[in-house]
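Trainee: Input file: my_file.cif. Contents: mmCIF, C-alpha atoms.
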data_coords
loop_
_atom_site.label_atom_id
_atom_site.label_comp_id
_atom_site.auth_asym_id
_atom_site.auth_seq_id
_atom_site.Cartn_x
_atom_site.Cartn_y
_atom_site.Cartn_z
CA MET H 1146 0.00 0.00 0.00
CA THR H 1147 1.35 3.40 -0.97
CA PRO H 1148 1.85 5.59 2.11
CA PRO H 1149 -0.14 8.83 2.13
CA ALA H 1150 1.59 12.00 0.97
CA SER H 1151 3.38 13.92 3.65
CA PRO H 1152 1.40 16.92 4.93
CA LEU H 1153 4.71 18.82 5.16
CA ARG H 1154 5.24 20.25 1.71
CA PRO H 1155 8.71 21.56 0.82
CA LEU H 1156 8.92 25.21 -0.09
CA LYS H 1157 9.34 25.91 -3.79
CA PRO H 1158 12.08 28.26 -4.92
CA PRO H 1159 10.51 31.72 -4.91
CA SER H 1160 10.53 33.89 -7.98
CA LEU H 1161 13.04 36.72 -8.16
CA GLY H 1162 10.28 39.20 -7.37
CA ALA H 1163 9.14 37.19 -4.36
CA GLN H 1164 12.73 36.92 -3.14
CA HIS H 1165 13.04 40.69 -3.26
CA ARG H 1166 9.75 41.26 -1.46
CA LEU H 1167 10.58 38.82 1.32
CA GLN H 1168 14.16 40.09 1.60
CA PHE H 1169 15.48 36.52 1.62
CA PRO H 1170 18.88 35.74 0.09
CA GLU H 1171 18.64 33.41 -2.92
CA PRO H 1172 19.43 30.12 -1.10
CA ALA H 1173 16.96 30.80 1.70
CA TYR H 1174 14.34 28.38 0.38
CA ARG H 1175 16.92 25.59 0.55
CA ILE H 1176 17.64 26.44 4.20
CA PHE H 1177 13.95 26.32 5.08
CA ASN H 1178 13.54 22.97 3.24
CA ARG H 1179 16.28 21.24 5.28
CA PRO H 1180 14.24 20.58 8.42
CA ILE H 1181 11.34 19.29 6.31
CA GLN H 1182 13.63 16.97 4.34
CA LEU H 1183 15.23 15.73 7.56
CA LEU H 1184 11.87 15.07 9.16
CA GLU H 1185 10.56 13.19 6.11
CA ALA H 1186 13.74 11.08 6.03
CA LEU H 1187 13.16 10.12 9.68
CA LEU H 1188 9.52 9.22 9.00
CA THR H 1189 10.49 7.13 5.94
CA LEU H 1190 13.15 5.28 7.95
CA SER H 1191 10.60 4.54 10.68
CA LYS H 1192 8.13 3.05 8.18
CA GLN H 1193 10.84 0.93 6.55
CA ARG H 1194 11.81 -0.50 9.94
CA LYS H 1195 8.17 -1.38 10.63
CA ARG H 1196 7.90 -3.27 7.32
CA LEU H 1197 11.07 -5.19 8.13
CA ARG H 1198 9.66 -6.18 11.59
CA PRO H 1199 6.02 -7.08 10.99
CA ASN H 1200 5.74 -9.11 14.20
CA ARG H 1201 7.15 -6.42 16.44
CA PRO H 1202 4.65 -5.79 19.28
CA GLN H 1203 2.82 -2.48 19.06
CA PHE H 1204 2.18 -0.05 21.88
CA ARG H 1205 -1.10 -0.99 23.46
CA ASN H 1206 -1.08 1.72 26.02
CA SER H 1207 -2.42 5.02 24.69
CA PHE H 1208 -0.30 6.84 27.27
CA PHE H 1209 2.91 5.59 25.68
CA ARG H 1210 1.57 6.28 22.19
CA GLN H 1211 0.96 9.87 23.23
CA ILE H 1212 4.52 10.13 24.55
CA GLY H 1213 5.80 8.98 21.19
CA LYS H 1214 3.76 11.62 19.38
CA THR H 1215 4.94 14.28 21.81
CA LEU H 1216 8.59 13.38 21.30
CA ARG H 1217 8.18 13.48 17.52
CA PHE H 1218 6.53 16.89 17.77
CA ALA H 1219 9.36 18.13 20.01
CA LEU H 1220 11.84 16.90 17.41
CA VAL H 1221 10.07 18.97 14.78
CA LEU H 1222 10.31 22.09 16.95
CA LEU H 1223 13.99 21.53 17.67
CA VAL H 1224 14.82 20.99 14.02
CA PHE H 1225 13.00 24.14 12.99
CA ALA H 1226 14.48 26.20 15.81
CA GLY H 1227 18.03 25.07 15.11
CA CYS H 1228 18.01 25.11 11.32
CA ALA H 1229 15.39 27.50 10.08
CA PHE H 1230 15.21 30.36 12.58
CA PRO H 1231 18.59 31.59 13.87
CA GLN H 1232 18.43 33.86 16.91
CA SER H 1233 17.85 37.50 15.96
CA LYS H 1234 19.89 40.34 17.40
CA ARG H 1235 18.49 42.67 20.04
CA LYS H 1236 17.61 46.11 18.74
CA VAL H 1237 18.85 48.95 20.91
CA ILE H 1238 19.19 52.73 20.77
CA ILE H 1239 21.93 54.16 22.98
CA ASP H 1240 21.10 57.55 24.54
CA GLU H 1241 24.30 58.77 26.15
CA ASP H 1242 26.20 61.86 27.26
CA CYS H 1243 29.25 60.82 25.32
CA ALA H 1244 32.16 62.58 27.01
CA GLY H 1245 35.53 61.42 25.78
CA PRO H 1246 37.96 60.19 24.85
CA GLY H 1247 37.67 57.08 26.98
CA GLY H 1248 35.79 56.98 30.25
CA THR H 1249 32.51 55.44 31.33
CA ASP H 1250 30.41 56.88 28.48
CA MET H 1251 32.64 55.66 25.66
CA GLN H 1252 33.20 52.32 27.36
CA ALA H 1253 29.44 51.84 27.64
CA LEU H 1254 29.16 52.39 23.89
CA LEU H 1255 31.84 49.76 23.29
CA THR H 1256 30.17 47.32 25.68
CA ILE H 1257 27.00 47.32 23.60
CA ILE H 1258 28.46 47.83 20.11
CA ASN H 1259 31.09 45.07 20.49
CA SER H 1260 28.53 42.47 21.57
CA PRO H 1261 27.34 40.07 18.86
CA GLN H 1262 23.93 40.15 20.56
CA SER H 1263 23.17 43.78 19.78
CA ASP H 1264 21.84 45.62 16.75
CA VAL H 1265 22.60 49.28 17.48
CA LEU H 1266 20.11 51.37 15.51
CA GLY H 1267 21.66 54.67 16.53
CA ILE H 1268 23.41 56.72 19.21
CA THR H 1269 21.50 59.76 20.44
CA VAL H 1270 23.63 62.33 22.25
CA VAL H 1271 22.64 64.65 25.10
CA THR H 1272 24.54 67.24 27.12
CA GLY H 1273 25.64 65.75 30.44
CA ASP H 1274 29.21 64.91 31.37
CA ALA H 1275 30.21 67.29 28.55
CA TRP H 1276 28.44 69.59 26.11
CA ARG H 1277 26.53 67.94 23.28
CA ASP H 1278 28.63 69.13 20.32
CA GLU H 1279 31.89 67.99 21.90
CA GLU H 1280 30.26 64.65 22.76
CA VAL H 1281 29.06 64.18 19.18
CA ALA H 1282 32.61 64.71 17.91
CA HIS H 1283 34.05 62.14 20.35
CA THR H 1284 31.36 59.64 19.37
CA LEU H 1285 31.97 60.02 15.66
CA ARG H 1286 35.70 59.59 16.18
CA LEU H 1287 35.22 56.46 18.29
CA LEU H 1288 33.07 54.89 15.58
CA GLU H 1289 35.75 55.68 13.02
CA ILE H 1290 38.43 54.06 15.18
CA ILE H 1291 36.49 50.80 15.63
CA GLY H 1292 35.16 50.74 12.07
CA ARG H 1293 31.46 51.24 12.82
CA THR H 1294 30.59 54.42 10.96
CA ASP H 1295 27.45 52.62 9.76
CA ILE H 1296 25.86 53.49 13.14
CA PRO H 1297 24.16 56.91 12.94
CA VAL H 1298 24.95 59.57 15.54
CA LEU H 1299 22.07 61.94 16.27
CA PRO H 1300 22.50 65.24 18.14
CA GLY H 1301 20.00 65.78 20.94
CA ALA H 1302 19.32 68.36 23.63
CA VAL H 1303 21.98 70.95 24.49
CA PHE H 1304 20.21 72.27 27.61
CA PRO H 1305 17.84 70.77 30.21
CA LEU H 1306 14.11 71.54 30.03
CA VAL H 1307 14.15 73.91 33.02
CA ASN H 1308 17.33 73.56 35.08
CA SER H 1309 20.40 75.59 34.18
CA LYS H 1310 23.93 76.36 35.28
CA GLU H 1311 22.79 79.77 36.49
CA ALA H 1312 19.89 78.32 38.50
CA VAL H 1313 22.25 75.85 40.19
CA ALA H 1314 24.56 78.71 41.14
CA GLU H 1315 21.65 80.41 42.92
CA TRP H 1316 20.64 77.12 44.58
CA GLU H 1317 24.19 76.67 45.92
CA LYS H 1318 23.99 80.00 47.73
CA LYS H 1319 21.18 78.60 49.90
CA TYR H 1320 21.99 74.91 50.22
CA GLY H 1321 25.68 74.35 49.57
CA LYS H 1322 28.01 73.28 46.81
CA VAL H 1323 27.10 70.72 44.14
CA GLU H 1324 30.44 69.00 43.58
CA TYR H 1325 29.85 67.46 40.16
CA GLN H 1326 27.84 69.36 37.54
CA GLY H 1327 29.08 67.70 34.38
CA ALA H 1328 29.57 70.11 31.49
CA TRP H 1329 28.84 73.07 33.77
CA ASN H 1330 31.91 72.68 35.98
CA PHE H 1331 33.95 69.74 34.74
CA GLY H 1332 36.17 69.46 31.69
CA HIS H 1333 39.66 69.88 30.29
CA PRO H 1334 39.14 72.78 30.12
CA VAL H 1335 35.67 73.87 31.22
CA HIS H 1336 34.14 75.68 28.25
CA GLY H 1337 30.89 76.90 26.70
CA PRO H 1338 28.26 74.86 24.84
CA TRP H 1339 29.46 75.58 21.29
CA GLU H 1340 33.21 75.09 21.73
CA ILE H 1341 35.02 71.86 20.90
CA PRO H 1342 38.51 71.72 22.46
CA PRO H 1343 41.35 69.90 20.65
CA MET H 1344 40.63 66.16 20.57
CA PRO H 1345 43.49 63.87 21.70
CA GLU H 1346 42.18 61.00 19.56
CA GLY H 1347 41.99 63.18 16.43
CA GLU H 1348 39.09 64.99 14.85
CA PRO H 1349 36.41 62.97 13.02
CA THR H 1350 35.97 63.13 9.26
CA THR H 1351 32.45 61.71 9.34
CA LYS H 1352 29.35 63.78 10.09
CA ALA H 1353 26.41 63.41 12.45
CA SER H 1354 22.90 62.84 11.16
CA THR H 1355 20.79 65.86 10.27
CA GLU H 1356 17.85 64.28 12.13
CA ASP H 1357 17.49 65.23 15.79
CA ALA H 1358 17.56 62.65 18.56
CA ALA H 1359 13.97 62.98 19.79
CA HIS H 1360 12.36 62.52 16.37
CA PHE H 1361 14.70 59.63 15.60
CA LEU H 1362 13.66 57.89 18.84
CA VAL H 1363 9.98 58.35 18.00
CA ARG H 1364 10.44 57.19 14.41
CA MET H 1365 12.31 54.05 15.40
CA VAL H 1366 9.84 52.79 18.02
CA ASN H 1367 7.03 53.29 15.54
CA LYS H 1368 8.98 51.41 12.88
CA TYR H 1369 9.84 48.53 15.27
CA PRO H 1370 7.08 48.55 17.91
CA HIS H 1371 7.90 46.64 21.14
CA GLU H 1372 11.28 45.54 19.76
CA ILE H 1373 13.69 48.29 20.81
CA THR H 1374 15.51 48.62 24.11
CA ILE H 1375 16.23 52.23 25.02
CA TYR H 1376 19.55 52.32 26.87
CA GLU H 1377 19.92 55.54 28.88
CA GLY H 1378 23.31 56.47 30.27
CA GLY H 1379 22.93 60.24 30.57
CA PRO H 1380 20.42 62.92 31.58
CA LEU H 1381 16.93 62.06 30.35
CA THR H 1382 16.19 65.16 28.26
CA ASN H 1383 16.10 63.41 24.88
CA LEU H 1384 13.68 60.78 26.14
CA ALA H 1385 11.41 63.39 27.72
CA LEU H 1386 11.30 65.30 24.44
CA ALA H 1387 10.44 62.09 22.57
CA GLN H 1388 7.67 61.31 25.07
CA THR H 1389 6.31 64.83 24.65
CA ILE H 1390 6.32 64.56 20.85
CA ASP H 1391 4.61 61.16 20.91
CA PRO H 1392 2.78 60.08 24.10
CA HIS H 1393 3.03 56.48 22.84
CA PHE H 1394 6.83 56.57 22.67
CA ALA H 1395 7.52 54.76 25.97
CA SER H 1396 4.77 52.17 25.50
CA LEU H 1397 6.05 51.35 22.00
CA ALA H 1398 9.55 50.59 23.28
CA LYS H 1399 10.44 47.14 24.56
CA GLU H 1400 12.07 48.42 27.76
CA LEU H 1401 14.11 51.18 29.35
CA VAL H 1402 17.55 50.30 30.70
CA LEU H 1403 18.69 53.21 32.87
CA MET H 1404 21.85 54.14 34.72
CA GLY H 1405 20.53 56.66 37.22
CA GLY H 1406 19.31 57.35 40.72
CA SER H 1407 20.81 57.02 44.18
CA ILE H 1408 18.93 55.45 47.08
CA HIS H 1409 21.17 54.40 50.00
CA PRO H 1410 24.70 53.83 48.69
CA GLU H 1411 27.14 52.27 51.14
CA THR H 1412 30.33 54.17 50.35
CA THR H 1413 32.96 56.47 51.78
CA ASP H 1414 32.84 58.66 48.69
CA PRO H 1415 32.25 62.15 50.15
CA GLU H 1416 29.88 63.16 47.37
CA PHE H 1417 27.42 60.43 48.30
CA THR H 1418 27.94 60.48 52.05
CA ARG H 1419 26.87 64.14 52.06
CA THR H 1420 24.06 63.81 49.52
CA PRO H 1421 23.17 60.13 49.18
CA HIS H 1422 20.03 60.79 47.10
CA ARG H 1423 21.60 63.02 44.45
CA GLU H 1424 22.72 61.31 41.28
CA PHE H 1425 23.87 63.31 38.28
CA ASN H 1426 21.79 61.79 35.45
CA LEU H 1427 18.48 62.38 37.25
CA TRP H 1428 19.63 65.63 38.89
CA MET H 1429 20.78 67.59 35.83
CA ASP H 1430 17.29 67.68 34.29
CA PRO H 1431 14.82 66.83 37.07
CA GLU H 1432 11.72 67.72 35.06
CA ALA H 1433 12.79 65.41 32.24
CA SER H 1434 13.56 62.66 34.76
CA ARG H 1435 10.08 62.84 36.24
CA CYS H 1436 8.49 62.80 32.78
CA VAL H 1437 10.43 59.69 31.77
CA LEU H 1438 10.06 57.77 35.05
CA ARG H 1439 6.28 58.32 35.00
CA ALA H 1440 5.90 57.28 31.35
CA PRO H 1441 4.21 53.92 30.59
CA TRP H 1442 7.26 51.77 29.84
CA PRO H 1443 6.57 48.02 29.54
CA ARG H 1444 9.66 47.46 31.70
CA ILE H 1445 12.31 49.54 33.48
CA VAL H 1446 15.66 48.19 34.72
CA VAL H 1447 17.77 50.57 36.80
CA THR H 1448 21.46 50.57 37.72
CA THR H 1449 21.83 53.04 40.60
CA VAL H 1450 24.78 54.60 42.40
CA ASP H 1451 24.25 51.99 45.12
CA ILE H 1452 25.49 49.14 42.95
CA SER H 1453 27.79 51.16 40.67
CA VAL H 1454 30.13 52.18 43.50
CA LYS H 1455 30.96 48.50 44.01
CA THR H 1456 32.88 48.59 40.72
CA ASN H 1457 36.17 50.26 39.81
CA MET H 1458 38.24 50.75 36.68
CA SER H 1459 41.43 49.64 38.41
CA GLN H 1460 44.90 49.64 36.93
CA SER H 1461 44.90 45.83 36.88
CA LEU H 1462 41.71 45.88 34.80
CA ILE H 1463 43.26 48.39 32.40
CA SER H 1464 46.34 46.16 32.11
CA GLU H 1465 44.19 43.18 31.15
CA ILE H 1466 42.46 45.22 28.45
CA ALA H 1467 45.82 46.54 27.20
CA LYS H 1468 46.81 42.97 26.28
CA GLY H 1469 44.18 43.05 23.54
CA THR H 1470 45.11 44.00 19.99
CA SER H 1471 41.74 45.23 18.73
CA PRO H 1472 41.13 48.95 18.08
CA SER H 1473 38.71 48.99 21.01
CA ALA H 1474 41.26 47.52 23.41
CA GLN H 1475 43.97 49.97 22.39
CA TYR H 1476 41.59 52.92 22.64
CA VAL H 1477 40.37 51.97 26.13
CA ALA H 1478 43.84 51.20 27.45
CA LYS H 1479 45.18 54.52 26.17
CA TYR H 1480 42.54 56.76 27.70
CA ALA H 1481 41.25 54.85 30.75
CA SER H 1482 44.38 55.60 32.76
CA GLN H 1483 43.55 59.31 32.57
CA CYS H 1484 40.59 58.87 34.94
CA THR H 1485 41.26 60.70 38.20
CA PHE H 1486 37.72 61.20 39.55
CA GLN H 1487 35.19 58.50 40.46
CA CYS H 1488 36.44 55.74 38.17
CA TYR H 1489 33.38 53.59 38.75
CA LEU H 1490 31.97 51.55 35.88
CA TRP H 1491 28.60 53.29 36.02
CA ASP H 1492 27.28 52.98 32.50
CA GLU H 1493 29.28 49.89 31.58
CA LEU H 1494 27.57 47.89 34.34
CA ALA H 1495 24.11 48.89 33.11
CA ALA H 1496 25.09 47.88 29.58
CA ALA H 1497 26.73 44.58 30.54
CA ALA H 1498 23.81 43.59 32.78
CA TRP H 1499 21.43 44.20 29.88
CA LEU H 1500 23.50 41.82 27.74
CA ASP H 1501 23.85 39.26 30.55
CA PRO H 1502 21.30 39.66 33.37
CA SER H 1503 22.97 36.85 35.35
CA ILE H 1504 25.64 39.40 36.34
CA ILE H 1505 23.06 40.82 38.76
CA THR H 1506 22.59 38.64 41.84
CA LYS H 1507 20.00 40.72 43.69
CA SER H 1508 17.36 43.26 42.72
CA LYS H 1509 14.21 44.82 44.14
CA LYS H 1510 10.96 46.18 42.72
CA MET H 1511 10.63 49.88 43.51
CA TYR H 1512 8.93 53.03 42.32
CA LEU H 1513 11.30 55.81 41.30
CA ASP H 1514 10.68 59.53 40.93
CA VAL H 1515 12.55 62.83 41.29
CA SER H 1516 11.93 65.70 43.69
CA LEU H 1517 10.77 68.94 42.06
CA ASP H 1518 10.22 70.84 45.30
CA ARG H 1519 12.56 73.72 44.30
CA GLY H 1520 14.09 73.55 47.74
CA ALA H 1521 16.92 71.58 49.29
CA THR H 1522 15.91 68.26 47.68
CA TYR H 1523 15.48 69.55 44.11
CA GLY H 1524 16.67 66.84 41.73
CA ASN H 1525 17.04 64.16 44.41
CA THR H 1526 16.02 60.56 43.77
CA LEU H 1527 12.75 59.45 45.37
CA ALA H 1528 12.38 55.70 45.82
CA TRP H 1529 9.89 53.53 47.66
CA GLU H 1530 8.61 49.97 47.70
CA PRO H 1531 4.97 49.15 46.97
CA GLY H 1532 2.76 49.32 50.06
CA LYS H 1533 5.47 50.62 52.39
CA PRO H 1534 5.65 53.99 54.23
CA THR H 1535 7.22 56.57 51.99
CA ALA H 1536 9.60 59.26 53.13
CA VAL H 1537 12.81 60.90 51.99
CA ILE H 1538 15.67 62.41 53.96
CA GLN H 1539 15.78 66.20 53.71
CA GLU H 1540 19.38 67.02 52.83
CA ASN H 1541 21.46 70.18 52.59
CA LEU H 1542 19.89 71.81 55.64
CA PRO H 1543 21.50 72.70 58.99
CA GLY H 1544 21.04 70.19 61.78
CA PRO H 1545 20.26 66.47 61.69
CA PRO H 1546 18.47 64.86 58.71
CA VAL H 1547 14.67 65.18 58.71
CA LEU H 1548 12.17 62.74 57.25
CA ILE H 1549 9.48 64.35 55.12
CA PRO H 1550 6.52 62.78 53.27
CA LEU H 1551 6.93 62.18 49.58
CA PRO H 1552 4.76 64.21 47.23
CA ASP H 1553 1.57 62.50 46.06
CA VAL H 1554 2.81 58.94 45.65
CA ARG H 1555 -0.33 57.95 43.80
CA LEU H 1556 1.25 59.60 40.78
CA HIS H 1557 4.05 57.34 39.69
CA GLY H 1558 5.29 55.33 36.76
CA PRO H 1559 5.72 51.57 36.47
CA LEU H 1560 7.64 49.53 39.01
CA ALA H 1561 11.33 49.35 38.20
CA ASP H 1562 13.74 46.45 38.66
CA VAL H 1563 16.37 48.17 40.82
CA GLN H 1564 19.66 46.29 40.86
CA GLN H 1565 21.26 45.83 44.28
CA ASP H 1566 24.19 43.44 44.00
CA LEU H 1567 26.34 41.74 41.37
CA ASP H 1568 28.80 38.98 40.62
CA LEU H 1569 31.82 41.26 40.37
CA THR H 1570 34.21 38.62 39.03
CA LYS H 1571 31.82 37.67 36.24
CA PHE H 1572 31.20 41.29 35.36
CA TYR H 1573 34.90 42.12 35.11
CA LYS H 1574 35.54 39.03 32.98
CA GLU H 1575 32.79 39.89 30.51
CA PHE H 1576 33.73 43.56 30.50
CA VAL H 1577 37.35 42.79 29.55
CA ALA H 1578 36.15 40.42 26.82
CA LEU H 1579 33.92 43.13 25.32
CA MET H 1580 36.58 45.84 25.54
CA THR H 1581 39.11 43.65 23.73
CA ALA H 1582 36.71 42.34 21.09
CA THR H 1583 36.60 43.49 17.50
CA SER H 1584 33.25 45.03 16.76
CA PRO H 1585 30.99 42.81 14.63
CA HIS H 1586 30.70 44.09 11.04
CA ALA H 1587 33.67 46.41 11.55
CA HIS H 1588 34.99 47.94 8.35
CA PRO H 1589 38.09 49.99 7.56
CA ILE H 1590 37.80 53.76 7.18
CA GLN H 1591 38.22 54.84 3.58
#
Take the structure from the file and write it as structure tokens.

Mentor:
Amino acid sequence: MTPPASPLRPLKPPSLGAQHRLQFPEPAYRIFNRPIQLLEALLTLSKQRKRLRPNRPQFRNSFFRQIGKTLRFALVLLVFAGCAFPQSKRKVIIDEDCAGPGGTDMQALLTIINSPQSDVLGITVVTGDAWRDEEVAHTLRLLEIIGRTDIPVLPGAVFPLVNSKEAVAEWEKKYGKVEYQGAWNFGHPVHGPWEIPPMPEGEPTTKASTEDAAHFLVRMVNKYPHEITIYEGGPLTNLALAQTIDPHFASLAKELVLMGGSIHPETTDPEFTRTPHREFNLWMDPEASRCVLRAPWPRIVVTTVDISVKTNMSQSLISEIAKGTSPSAQYVAKYASQCTFQCYLWDELAAAAWLDPSIITKSKKMYLDVSLDRGATYGNTLAWEPGKPTAVIQENLPGPPVLIPLPDVRLHGPLADVQQDLDLTKFYKEFVALMTATSPHAHPIQ
């Protein structure tokens, strides 16, 4: 008796027009036929063995027959998963205050770009650790050095929504000095927003995109809804502008990965012992921070000061990276040794933990917000757990700390996964590997 035709029909070679529409390379139909051909070969072999052993006892128990069917079905899934559908890369947009050369911002870019997991759709730049135009130049030059000028660089906000250098100067007269103010008081040398000092790594020959960061962010999440991770390593101005342009921006993203906030860091660093709830990324543009943290993100993962201060870009780590021969390794080794202030791996940890969540050994669900009280706590991180009493320490005032109620806690964004502890050895190992890697799809500069 002729066996019935297989219900699994091989794909026919598509026409040239169909190939173009589906964006498959020419041999794709052969790749998709392989699991079907393999499965049919296994079924044919099974039937031949049955004909050769006509007296072989059959399963009488329906339970065992069902197990056999289940195993065959599992085999089908495994064949298709392994042969027909290779794992896709993870789409990500990096929003960063790209001070350079070297340092935490540039090393965060390398962490993500050098990973074979990531598909970097663009780098959006915001004033933070340095002024935007200088940061754009450093970013373009880094991409030239590692051969990734295919990644677009998009200029973003130059100034915060409301806060300003002048306003901070007035605030300091009442409440005391703010040690680190990024572009406003830190640089070699400190300069204005439109100046670009001489660049040690050389000036770029490539140009930034003519599209602005906020509109790019909105356009991308609408093009790839629920597929894009927004990685945020700087002040949140660009994201707030995108959310204002399109109220669906946050909900169309896949997730927000944020380096920001300070809750109760255990450290001897004087900046955080005096003001444990002030963290630069959320502080520089508090209004933008509140807008972003209250937006309807499907998921938020946060790397705070609390966990970041457990890391350090030590000389031994730099020496390990210097053994590498890739452009990334040589770039990092050359400029990392110039760090003289807070050489924590702030942004790199957030990036590495996104690539490998197993680096994080402990986390907690919390609501996050930012104080806009215009007083002593302006720009401070507000954090509380669901259903627990909420209060924040009033800082920068004479006398002992005072607990005050948080502003209307009914108004908040989604719960965030706040990282608390990490496997430091694993993190350092993966960080060195990424810093010494050659970027996927790297190409020489013409």

Trainee: Quote the spacing between atom CA of H:Val1270 and atom CA of H:Gly1247 in Å to one decimal place.

Mentor: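 Answer for the atom CA of H:Val1270 to atom CA of H:Gly1247 separation: 15.7 Å.
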
Trainee: Using the chain letters and numbers from the file, which residues does the PyMOL selection byres ((chain H and resi 1440-1451) around 8) grab, as an NGL selection string?

Mentor: :H and (1388 or 1395-1411 or 1424 or 1436-1439 or 1452-1455 or 1491 or 1494-1495 or 1558-1565)

Trainee: Please, could you write that set of residues out with C-alpha atoms as a PDB file, in the frame of the given file?

Mentor:
ATOM      1  CA  GLN H1388       7.670  61.310  25.070  1.00  0.00           C
ATOM      2  CA  ALA H1395       7.520  54.760  25.970  1.00  0.00           C
ATOM      3  CA  SER H1396       4.770  52.170  25.500  1.00  0.00           C
ATOM      4  CA  LEU H1397       6.050  51.350  22.000  1.00  0.00           C
ATOM      5  CA  ALA H1398       9.550  50.590  23.280  1.00  0.00           C
ATOM      6  CA  LYS H1399      10.440  47.140  24.560  1.00  0.00           C
ATOM      7  CA  GLU H1400      12.070  48.420  27.760  1.00  0.00           C
ATOM      8  CA  LEU H1401      14.110  51.180  29.350  1.00  0.00           C
ATOM      9  CA  VAL H1402      17.550  50.300  30.700  1.00  0.00           C
ATOM     10  CA  LEU H1403      18.690  53.210  32.870  1.00  0.00           C
ATOM     11  CA  MET H1404      21.850  54.140  34.720  1.00  0.00           C
ATOM     12  CA  GLY H1405      20.530  56.660  37.220  1.00  0.00           C
ATOM     13  CA  GLY H1406      19.310  57.350  40.720  1.00  0.00           C
ATOM     14  CA  SER H1407      20.810  57.020  44.180  1.00  0.00           C
ATOM     15  CA  ILE H1408      18.930  55.450  47.080  1.00  0.00           C
ATOM     16  CA  HIS H1409      21.170  54.400  50.000  1.00  0.00           C
ATOM     17  CA  PRO H1410      24.700  53.830  48.690  1.00  0.00           C
ATOM     18  CA  GLU H1411      27.140  52.270  51.140  1.00  0.00           C
ATOM     19  CA  GLU H1424      22.720  61.310  41.280  1.00  0.00           C
ATOM     20  CA  CYS H1436       8.490  62.800  32.780  1.00  0.00           C
ATOM     21  CA  VAL H1437      10.430  59.690  31.770  1.00  0.00           C
ATOM     22  CA  LEU H1438      10.060  57.770  35.050  1.00  0.00           C
ATOM     23  CA  ARG H1439       6.280  58.320  35.000  1.00  0.00           C
ATOM     24  CA  ILE H1452      25.490  49.140  42.950  1.00  0.00           C
ATOM     25  CA  SER H1453      27.790  51.160  40.670  1.00  0.00           C
ATOM     26  CA  VAL H1454      30.130  52.180  43.500  1.00  0.00           C
ATOM     27  CA  LYS H1455      30.960  48.500  44.010  1.00  0.00           C
ATOM     28  CA  TRP H1491      28.600  53.290  36.020  1.00  0.00           C
ATOM     29  CA  LEU H1494      27.570  47.890  34.340  1.00  0.00           C
ATOM     30  CA  ALA H1495      24.110  48.890  33.110  1.00  0.00           C
ATOM     31  CA  GLY H1558       5.290  55.330  36.760  1.00  0.00           C
ATOM     32  CA  PRO H1559       5.720  51.570  36.470  1.00  0.00           C
ATOM     33  CA  LEU H1560       7.640  49.530  39.010  1.00  0.00           C
ATOM     34  CA  ALA H1561      11.330  49.350  38.200  1.00  0.00           C
ATOM     35  CA  ASP H1562      13.740  46.450  38.660  1.00  0.00           C
ATOM     36  CA  VAL H1563      16.370  48.170  40.820  1.00  0.00           C
ATOM     37  CA  GLN H1564      19.660  46.290  40.860  1.00  0.00           C
ATOM     38  CA  GLN H1565      21.260  45.830  44.280  1.00  0.00           C
TER      39      GLN H1565
END

Trainee: Contacts of stretch 1375-1383 of chain H at 8 Å or less, counting all atoms listed in the file, minus same-chain residues fewer than 5 places along, as a ChimeraX atom specification?

Mentor: /H:1237-1242,1250,1269,1271-1274,1301-1302,1305-1306,1358-1359,1398-1405,1425-1430,1433-1434,1437,1492,1496

Trainee: Produce a file of the selected residues containing C-alpha atoms, as a CSV table (one decimal), in the frame of the given file.

Mentor:
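Dumped to selection.csv:
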chain,number,residue,atom,x,y,z
H,1237,VAL,CA,18.8,49.0,20.9
H,1238,ILE,CA,19.2,52.7,20.8
H,1239,ILE,CA,21.9,54.2,23.0
H,1240,ASP,CA,21.1,57.6,24.5
H,1241,GLU,CA,24.3,58.8,26.2
H,1242,ASP,CA,26.2,61.9,27.3
H,1250,ASP,CA,30.4,56.9,28.5
H,1269,THR,CA,21.5,59.8,20.4
H,1271,VAL,CA,22.6,64.6,25.1
H,1272,THR,CA,24.5,67.2,27.1
H,1273,GLY,CA,25.6,65.8,30.4
H,1274,ASP,CA,29.2,64.9,31.4
H,1301,GLY,CA,20.0,65.8,20.9
H,1302,ALA,CA,19.3,68.4,23.6
H,1305,PRO,CA,17.8,70.8,30.2
H,1306,LEU,CA,14.1,71.5,30.0
H,1358,ALA,CA,17.6,62.6,18.6
H,1359,ALA,CA,14.0,63.0,19.8
H,1398,ALA,CA,9.6,50.6,23.3
H,1399,LYS,CA,10.4,47.1,24.6
H,1400,GLU,CA,12.1,48.4,27.8
H,1401,LEU,CA,14.1,51.2,29.4
H,1402,VAL,CA,17.6,50.3,30.7
H,1403,LEU,CA,18.7,53.2,32.9
H,1404,MET,CA,21.8,54.1,34.7
H,1405,GLY,CA,20.5,56.7,37.2
H,1425,PHE,CA,23.9,63.3,38.3
H,1426,ASN,CA,21.8,61.8,35.4
H,1427,LEU,CA,18.5,62.4,37.2
H,1428,TRP,CA,19.6,65.6,38.9
H,1429,MET,CA,20.8,67.6,35.8
H,1430,ASP,CA,17.3,67.7,34.3
H,1433,ALA,CA,12.8,65.4,32.2
H,1434,SER,CA,13.6,62.7,34.8
H,1437,VAL,CA,10.4,59.7,31.8
H,1492,ASP,CA,27.3,53.0,32.5
H,1496,ALA,CA,25.1,47.9,29.6

Trainee: Smallest atom-to-atom distance to H:Ile1504: which of H:Asp1391, H:Glu1340, H:Glu1530, H:Asp1566, using all atoms listed in the file?

Mentor: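 Under the stated criterion, the closest residue is H:Asp1566.
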